[in-house]
Protein chains: 2
Amino acid sequence: MTSITGTRPGGRSARIQQAVHDATKELLAAVGRDELTIPAIATRAGVNPTTIYRRWGDLAALLSDVAADRFRQADPPVETGSLERDLTTWSEQFLEEMGSGPGRSYIAEVLAGDSTGDNAGICARYAAEAISTIVQRFPHLGPPKVDEVLDHVVAPILYRILFTSERPATGYPTSLVARLLSGAAPR
Amino acid sequence: MTSITGTRPGGRSARIQQAVHDATKELLAAVGRDELTIPAIATRAGVNPTTIYRRWGDLAALLSDVAADRFRQADPPVETGSLERDLTTWSEQFLEEMGSGPGRSYIAEVLAGDSTGDNAGICARYAAEAISTIVQRFPHLGPPKVDEVLDHVVAPILYRILFTSERPATGYPTSLVARLLSGAAPR
């Protein structure tokens, strides 16, 4: 029940999506999730409630869509001239963004309203795109594959954010990157 | 808002917990999540609704608690005589259980009703206990640390289940275990 790929590019449809997303974020901040309703969002966005029901289906799917959108990274990953530093900088930022209180609940919202996995897939794609940009800067180094970085850097960071009550320490992503690039599991 | 550690062991409190969990699972199967209410669960469990509100707070927290309980593994991990085969067998089973449709939505439920991370922590602990049991069988082999298995076998499996729309293939956990035990990242 995602509308991102189908409706984002330009026009009236995109304007409605933007207005509904903005209204949802504003109301979430103002009244909180428990008080949030589709009619209230519609009023604030200046659209008919049926427009929202038709496009998103229900509130959980809309919240999942809005949460997925927060994962979008506006800027390309920082360029340092070094593969290891590029990956380290990006993954430490990723931990900082995802590991905060709101980050963790955005992830939970993405997953909760997302029976098809589409929105979660969009979040994953944003991460994969950033990593792909980085490794393509260093073709001569035989960089790791994007999937390897996802499996052995991104996945452990998300696992610790989601499934352990302690947020992983700064420096943990750095050690995961070092381990991956050393090509050996330091034991 | 979990009650597992505090109230599971024996007595009236445990019986109430069991009755409420059972009633929740039965009603989930019978009427589905959208029709589920705390008064209906209370009626079926033969307890007062206030008992449920007092112990769990709200429906999301109760569902998170019930979902976390499904992760509990009744049996110790299969013993094959080989560290690699023990880990491989356990992790392929883990993928099979978590990667099915209900497995994915249990995980989403655990995370959604779990603002403190307690229930997600319980799920993670079940996995850590199984891995700990396995590595302790082979102290003479210098087995990997439990955290390493979580980071480089369990985390990638969960990442792919949660964030990609394709369920990882059978054999993927086996390759993660082989990579970890080889001590080298095959590239």
# chains A, B, ... in the order shown; residues from 1 in each chain; ligands from 1
call {"tool": "residues_around", "arguments": {"residues": "B:Trp90", "least_positions_apart": "2", "cutoff": "10 Å", "atoms": "only C-alpha atoms", "output": "PyMOL selection string"}}
result
chain B and resi 76-79+84-88+92-96+127+130-131+134+173-174
call {"tool": "write_last_selection", "arguments": {"atoms": "all heavy atoms", "output": "short mmCIF file (atom, residue, chain, number, x, y, z; two decimals), in the first residue's frame"}}
result
data_model
loop_
_atom_site.label_atom_id
_atom_site.label_comp_id
_atom_site.auth_asym_id
_atom_site.auth_seq_id
_atom_site.Cartn_x
_atom_site.Cartn_y
_atom_site.Cartn_z
N PRO B 76 16.20 -27.32 23.04
CA PRO B 76 17.58 -26.86 22.82
C PRO B 76 17.96 -27.11 21.36
O PRO B 76 17.38 -27.97 20.70
CB PRO B 76 18.40 -27.74 23.76
CG PRO B 76 17.56 -28.94 24.03
CD PRO B 76 16.13 -28.50 23.89
N PRO B 77 18.95 -26.36 20.85
CA PRO B 77 19.33 -26.53 19.44
C PRO B 77 19.82 -27.95 19.16
O PRO B 77 20.45 -28.58 20.01
CB PRO B 77 20.47 -25.53 19.26
CG PRO B 77 20.52 -24.68 20.47
CD PRO B 77 19.72 -25.33 21.54
N VAL B 78 19.53 -28.42 17.96
CA VAL B 78 19.91 -29.77 17.54
C VAL B 78 21.43 -29.97 17.71
O VAL B 78 22.21 -29.07 17.39
CB VAL B 78 19.53 -29.97 16.06
CG1 VAL B 78 20.05 -31.32 15.53
CG2 VAL B 78 18.03 -29.88 15.89
N GLU B 79 21.81 -31.15 18.20
CA GLU B 79 23.22 -31.45 18.42
C GLU B 79 23.70 -32.42 17.34
O GLU B 79 23.18 -33.52 17.22
CB GLU B 79 23.37 -32.09 19.82
CG GLU B 79 24.60 -31.63 20.53
CD GLU B 79 24.60 -31.98 22.00
OE1 GLU B 79 23.52 -32.23 22.58
OE2 GLU B 79 25.70 -32.03 22.58
N GLU B 84 30.01 -26.24 13.15
CA GLU B 84 29.46 -25.63 11.94
C GLU B 84 28.06 -26.18 11.64
O GLU B 84 27.14 -25.43 11.32
CB GLU B 84 30.39 -25.86 10.74
CG GLU B 84 29.84 -25.23 9.48
CD GLU B 84 30.94 -24.88 8.47
OE1 GLU B 84 32.12 -25.19 8.71
OE2 GLU B 84 30.61 -24.28 7.44
N ARG B 85 27.89 -27.49 11.78
CA ARG B 85 26.57 -28.05 11.49
C ARG B 85 25.53 -27.62 12.52
O ARG B 85 24.37 -27.38 12.18
CB ARG B 85 26.63 -29.58 11.39
CG ARG B 85 27.14 -30.09 10.02
CD ARG B 85 26.67 -31.52 9.74
NE ARG B 85 27.07 -32.45 10.78
CZ ARG B 85 28.28 -33.05 10.84
NH1 ARG B 85 29.17 -32.81 9.91
NH2 ARG B 85 28.56 -33.87 11.82
N ASP B 86 25.93 -27.53 13.80
CA ASP B 86 24.98 -27.05 14.82
C ASP B 86 24.49 -25.63 14.48
O ASP B 86 23.29 -25.34 14.52
CB ASP B 86 25.63 -27.03 16.20
CG ASP B 86 25.64 -28.40 16.87
OD1 ASP B 86 25.38 -29.40 16.18
OD2 ASP B 86 25.92 -28.46 18.09
N LEU B 87 25.46 -24.76 14.13
CA LEU B 87 25.09 -23.36 13.83
C LEU B 87 24.27 -23.28 12.54
O LEU B 87 23.30 -22.52 12.45
CB LEU B 87 26.35 -22.49 13.70
CG LEU B 87 27.06 -22.11 15.00
CD1 LEU B 87 28.37 -21.38 14.69
CD2 LEU B 87 26.17 -21.22 15.88
N THR B 88 24.66 -24.07 11.56
CA THR B 88 23.95 -24.08 10.29
C THR B 88 22.51 -24.56 10.47
O THR B 88 21.56 -23.93 9.98
CB THR B 88 24.68 -24.99 9.28
OG1 THR B 88 25.98 -24.45 9.05
CG2 THR B 88 23.94 -25.07 7.97
N GLU B 92 19.32 -22.11 9.81
CA GLU B 92 18.34 -22.41 8.75
C GLU B 92 16.93 -22.53 9.34
O GLU B 92 15.95 -22.07 8.74
CB GLU B 92 18.72 -23.70 8.00
CG GLU B 92 19.99 -23.60 7.14
CD GLU B 92 19.81 -22.82 5.83
OE1 GLU B 92 18.68 -22.46 5.47
OE2 GLU B 92 20.85 -22.53 5.18
N GLN B 93 16.84 -23.14 10.53
CA GLN B 93 15.53 -23.22 11.22
C GLN B 93 15.01 -21.84 11.58
O GLN B 93 13.83 -21.54 11.46
CB GLN B 93 15.66 -24.03 12.51
CG GLN B 93 15.32 -25.49 12.35
CD GLN B 93 15.53 -26.25 13.63
OE1 GLN B 93 15.87 -25.69 14.67
NE2 GLN B 93 15.34 -27.56 13.56
N PHE B 94 15.93 -21.00 12.05
CA PHE B 94 15.58 -19.64 12.43
C PHE B 94 14.99 -18.89 11.23
O PHE B 94 13.95 -18.24 11.32
CB PHE B 94 16.83 -18.93 12.97
CG PHE B 94 16.61 -17.53 13.43
CD1 PHE B 94 16.01 -17.26 14.66
CD2 PHE B 94 17.01 -16.45 12.65
CE1 PHE B 94 15.82 -15.96 15.09
CE2 PHE B 94 16.81 -15.14 13.07
CZ PHE B 94 16.22 -14.90 14.30
N LEU B 95 15.65 -19.01 10.08
CA LEU B 95 15.11 -18.39 8.86
C LEU B 95 13.73 -18.95 8.53
O LEU B 95 12.82 -18.20 8.17
CB LEU B 95 16.06 -18.62 7.68
CG LEU B 95 15.49 -18.28 6.29
CD1 LEU B 95 15.09 -16.81 6.20
CD2 LEU B 95 16.49 -18.61 5.18
N GLU B 96 13.59 -20.25 8.66
CA GLU B 96 12.31 -20.87 8.31
C GLU B 96 11.19 -20.35 9.20
O GLU B 96 10.09 -20.04 8.73
CB GLU B 96 12.45 -22.39 8.45
CG GLU B 96 11.52 -23.16 7.55
CD GLU B 96 11.81 -24.64 7.65
OE1 GLU B 96 12.95 -25.04 7.33
OE2 GLU B 96 10.90 -25.39 8.07
N ALA B 127 17.35 -15.91 20.95
CA ALA B 127 18.34 -16.27 19.92
C ALA B 127 19.73 -16.40 20.56
O ALA B 127 20.46 -17.35 20.29
CB ALA B 127 18.35 -15.23 18.80
N ALA B 130 20.19 -19.68 22.48
CA ALA B 130 20.40 -20.86 21.62
C ALA B 130 21.84 -20.88 21.11
O ALA B 130 22.51 -21.92 21.13
CB ALA B 130 19.41 -20.83 20.45
N ILE B 131 22.33 -19.72 20.68
CA ILE B 131 23.70 -19.65 20.15
C ILE B 131 24.71 -19.94 21.24
O ILE B 131 25.69 -20.65 21.03
CB ILE B 131 23.95 -18.26 19.52
CG1 ILE B 131 23.08 -18.12 18.27
CG2 ILE B 131 25.41 -18.06 19.18
CD1 ILE B 131 22.92 -16.70 17.81
N ILE B 134 25.05 -23.56 21.82
CA ILE B 134 25.84 -24.22 20.78
C ILE B 134 27.34 -23.98 20.98
O ILE B 134 28.13 -24.92 21.01
CB ILE B 134 25.41 -23.75 19.38
CG1 ILE B 134 23.99 -24.26 19.07
CG2 ILE B 134 26.39 -24.24 18.31
CD1 ILE B 134 23.40 -23.75 17.77
N PRO B 173 21.63 -18.75 5.26
CA PRO B 173 22.22 -18.85 6.59
C PRO B 173 23.47 -19.72 6.61
O PRO B 173 24.46 -19.39 7.28
CB PRO B 173 21.10 -19.48 7.43
CG PRO B 173 19.84 -19.11 6.73
CD PRO B 173 20.19 -19.12 5.27
N THR B 174 23.46 -20.82 5.86
CA THR B 174 24.62 -21.71 5.80
C THR B 174 25.84 -20.94 5.30
O THR B 174 26.95 -21.10 5.84
CB THR B 174 24.31 -22.89 4.86
OG1 THR B 174 23.20 -23.61 5.40
CG2 THR B 174 25.51 -23.82 4.72
#
call {"tool": "residues_around", "arguments": {"residues": "B:Thr164", "least_positions_apart": "6", "cutoff": "10 Å", "atoms": "only C-alpha atoms", "output": "JSON, numbers by chain"}}
result
{"A": [116, 117, 118, 119, 120, 121, 122, 123, 124, 125], "B": [158]}
call {"tool": "write_last_selection", "arguments": {"atoms": "C-alpha atoms", "output": "PDB file, in the first residue's frame"}}
result
ATOM      1  CA  THR A 116       3.663  -6.183   1.767  1.00  0.00           C
ATOM      2  CA  GLY A 117       7.155  -5.090   2.766  1.00  0.00           C
ATOM      3  CA  ASP A 118       7.123  -2.295   0.174  1.00  0.00           C
ATOM      4  CA  ASN A 119       7.911   0.566   2.517  1.00  0.00           C
ATOM      5  CA  ALA A 120      10.581  -1.383   4.368  1.00  0.00           C
ATOM      6  CA  GLY A 121      12.067  -2.127   0.976  1.00  0.00           C
ATOM      7  CA  ILE A 122      12.166   1.592   0.209  1.00  0.00           C
ATOM      8  CA  CYS A 123      14.094   2.264   3.434  1.00  0.00           C
ATOM      9  CA  ALA A 124      16.534  -0.479   2.522  1.00  0.00           C
ATOM     10  CA  ARG A 125      16.918   0.958  -0.961  1.00  0.00           C
TER      11      ARG A 125
ATOM     12  CA  LEU B 158      16.496 -10.595  10.094  1.00  0.00           C
TER      13      LEU B 158
END
call {"tool": "select_by_dssp", "arguments": {"residues": "stretch 87-121 of chain B", "states": "alpha helix (DSSP H)", "output": "PyMOL selection string"}}
result
chain B and resi 87-99+101-112+118-121
call {"tool": "closest_atom_pairs", "arguments": {"of": "chain A", "to": "chain B", "cutoff": "8 Å", "atoms": "only C-alpha atoms", "output": "tab-separated table"}}
result
residue	atom	partner	partner_atom	distance
A:Ser105	CA	B:Ser115	CA	7.5
A:Ala108	CA	B:Ala112	CA	5.2
A:Glu109	CA	B:Ala112	CA	6.6
A:Leu111	CA	B:Ala108	CA	5.5
A:Ala112	CA	B:Ala108	CA	5.2
A:Ser115	CA	B:Ser105	CA	7.5
A:Thr116	CA	B:Ser165	CA	7.3
A:Gly117	CA	B:Ser165	CA	5.3
A:Asp118	CA	B:Ser165	CA	6.7
A:Ala120	CA	B:Phe163	CA	4.7
A:Gly121	CA	B:Thr164	CA	4.9
A:Cys123	CA	B:Phe163	CA	7.4
A:Ala124	CA	B:Phe163	CA	5.8
A:Pro144	CA	B:Arg187	CA	7.1
A:Leu150	CA	B:Pro156	CA	7.8
A:Asp151	CA	B:Pro156	CA	4.8
A:His152	CA	B:His152	CA	5.9
A:Ala155	CA	B:Pro156	CA	5.3
A:Pro156	CA	B:Asp151	CA	4.8
A:Leu158	CA	B:Tyr159	CA	7.7
A:Tyr159	CA	B:Ala155	CA	5.5
A:Leu162	CA	B:Ala120	CA	6.9
A:Phe163	CA	B:Ala120	CA	4.7
A:Thr164	CA	B:Gly121	CA	4.9
A:Ser165	CA	B:Gly117	CA	5.3
A:Leu180	CA	B:Ala185	CA	7.0
A:Gly183	CA	B:Ala185	CA	4.5
A:Ala184	CA	B:Ala184	CA	3.9
A:Ala185	CA	B:Gly183	CA	4.5
A:Pro186	CA	B:Gly183	CA	7.2
A:Arg187	CA	B:Pro144	CA	7.1
call {"tool": "decode", "arguments": {"residues": "stretch 24-39 of chain B", "atoms": "all heavy atoms", "output": "tab-separated table (two decimals), in the first residue's frame"}}
result
chain	number	residue	atom	x	y	z
B	24	THR	N	-5.88	-14.26	23.46
B	24	THR	CA	-5.45	-13.34	22.41
B	24	THR	C	-5.13	-14.09	21.12
B	24	THR	O	-5.56	-13.71	20.02
B	24	THR	CB	-4.21	-12.54	22.87
B	24	THR	OG1	-4.51	-11.90	24.11
B	24	THR	CG2	-3.80	-11.50	21.84
B	25	LYS	N	-4.37	-15.19	21.26
B	25	LYS	CA	-4.02	-15.97	20.07
B	25	LYS	C	-5.25	-16.56	19.40
B	25	LYS	O	-5.37	-16.54	18.17
B	25	LYS	CB	-3.06	-17.11	20.45
B	25	LYS	CG	-1.66	-16.64	20.77
B	25	LYS	CD	-0.77	-17.82	21.19
B	25	LYS	CE	0.49	-17.33	21.89
B	25	LYS	NZ	1.21	-18.42	22.56
B	26	GLU	N	-6.19	-17.07	20.21
B	26	GLU	CA	-7.40	-17.67	19.64
B	26	GLU	C	-8.23	-16.63	18.89
B	26	GLU	O	-8.70	-16.86	17.77
B	26	GLU	CB	-8.23	-18.33	20.74
B	26	GLU	CG	-7.61	-19.62	21.28
B	26	GLU	CD	-8.10	-19.95	22.70
B	26	GLU	OE1	-9.15	-19.39	23.12
B	26	GLU	OE2	-7.44	-20.76	23.38
B	27	LEU	N	-8.37	-15.45	19.51
B	27	LEU	CA	-9.18	-14.41	18.86
B	27	LEU	C	-8.48	-13.84	17.63
B	27	LEU	O	-9.13	-13.50	16.64
B	27	LEU	CB	-9.51	-13.29	19.85
B	27	LEU	CG	-10.63	-13.63	20.84
B	27	LEU	CD1	-10.78	-12.52	21.88
B	27	LEU	CD2	-11.96	-13.80	20.09
B	28	LEU	N	-7.17	-13.73	17.70
B	28	LEU	CA	-6.42	-13.29	16.52
B	28	LEU	C	-6.70	-14.21	15.34
B	28	LEU	O	-6.93	-13.75	14.22
B	28	LEU	CB	-4.92	-13.31	16.80
B	28	LEU	CG	-4.24	-12.03	17.25
B	28	LEU	CD1	-2.76	-12.29	17.51
B	28	LEU	CD2	-4.39	-10.91	16.21
B	29	ALA	N	-6.68	-15.51	15.62
B	29	ALA	CA	-6.93	-16.49	14.55
B	29	ALA	C	-8.39	-16.43	14.10
B	29	ALA	O	-8.69	-16.57	12.91
B	29	ALA	CB	-6.58	-17.90	15.03
B	30	ALA	N	-9.30	-16.18	15.05
B	30	ALA	CA	-10.73	-16.26	14.73
B	30	ALA	C	-11.24	-14.99	14.06
B	30	ALA	O	-11.94	-15.05	13.05
B	30	ALA	CB	-11.55	-16.55	16.00
B	31	VAL	N	-10.90	-13.82	14.60
B	31	VAL	CA	-11.51	-12.58	14.08
B	31	VAL	C	-10.49	-11.64	13.43
B	31	VAL	O	-10.85	-10.70	12.75
B	31	VAL	CB	-12.26	-11.79	15.18
B	31	VAL	CG1	-13.29	-12.70	15.86
B	31	VAL	CG2	-11.32	-11.19	16.21
B	32	GLY	N	-9.20	-11.91	13.65
B	32	GLY	CA	-8.18	-11.05	13.04
B	32	GLY	C	-7.88	-9.84	13.92
B	32	GLY	O	-8.63	-9.51	14.85
B	33	ARG	N	-6.81	-9.18	13.60
B	33	ARG	CA	-6.31	-8.11	14.44
B	33	ARG	C	-7.24	-6.89	14.47
B	33	ARG	O	-7.39	-6.23	15.50
B	33	ARG	CB	-4.94	-7.70	13.90
B	33	ARG	CG	-4.49	-6.35	14.34
B	33	ARG	CD	-3.14	-6.40	14.92
B	33	ARG	NE	-2.91	-5.17	15.65
B	33	ARG	CZ	-1.73	-4.67	15.91
B	33	ARG	NH1	-0.66	-5.30	15.52
B	33	ARG	NH2	-1.60	-3.56	16.58
B	34	ASP	N	-7.86	-6.57	13.33
B	34	ASP	CA	-8.65	-5.35	13.27
B	34	ASP	C	-9.88	-5.39	14.17
B	34	ASP	O	-10.37	-4.35	14.61
B	34	ASP	CB	-9.08	-5.06	11.82
B	34	ASP	CG	-7.91	-4.57	10.98
B	34	ASP	OD1	-6.85	-4.27	11.57
B	34	ASP	OD2	-8.05	-4.50	9.75
B	35	GLU	N	-10.39	-6.60	14.40
B	35	GLU	CA	-11.60	-6.73	15.21
B	35	GLU	C	-11.27	-7.00	16.68
B	35	GLU	O	-12.18	-7.15	17.50
B	35	GLU	CB	-12.46	-7.90	14.69
B	35	GLU	CG	-12.83	-7.80	13.22
B	35	GLU	CD	-13.79	-6.65	12.96
B	35	GLU	OE1	-14.76	-6.50	13.74
B	35	GLU	OE2	-13.55	-5.88	12.01
B	36	LEU	N	-10.01	-7.10	16.99
B	36	LEU	CA	-9.61	-7.50	18.34
B	36	LEU	C	-9.78	-6.34	19.32
B	36	LEU	O	-9.38	-5.22	19.03
B	36	LEU	CB	-8.13	-7.91	18.28
B	36	LEU	CG	-7.59	-8.83	19.36
B	36	LEU	CD1	-8.28	-10.19	19.28
B	36	LEU	CD2	-6.09	-9.00	19.17
B	37	THR	N	-10.40	-6.65	20.49
B	37	THR	CA	-10.51	-5.63	21.53
B	37	THR	C	-10.14	-6.24	22.88
B	37	THR	O	-10.24	-7.45	23.06
B	37	THR	CB	-11.96	-5.09	21.66
B	37	THR	OG1	-12.81	-6.18	22.06
B	37	THR	CG2	-12.45	-4.50	20.34
B	38	ILE	N	-9.74	-5.40	23.79
B	38	ILE	CA	-9.39	-5.90	25.13
B	38	ILE	C	-10.61	-6.49	25.84
B	38	ILE	O	-10.51	-7.57	26.44
B	38	ILE	CB	-8.67	-4.80	25.95
B	38	ILE	CG1	-7.24	-4.66	25.39
B	38	ILE	CG2	-8.66	-5.14	27.43
B	38	ILE	CD1	-6.33	-3.75	26.16
B	39	PRO	N	-11.80	-5.86	25.79
B	39	PRO	CA	-12.96	-6.48	26.44
B	39	PRO	C	-13.24	-7.90	25.90
B	39	PRO	O	-13.56	-8.81	26.67
B	39	PRO	CB	-14.11	-5.52	26.11
B	39	PRO	CG	-13.43	-4.19	25.96
B	39	PRO	CD	-12.09	-4.48	25.35
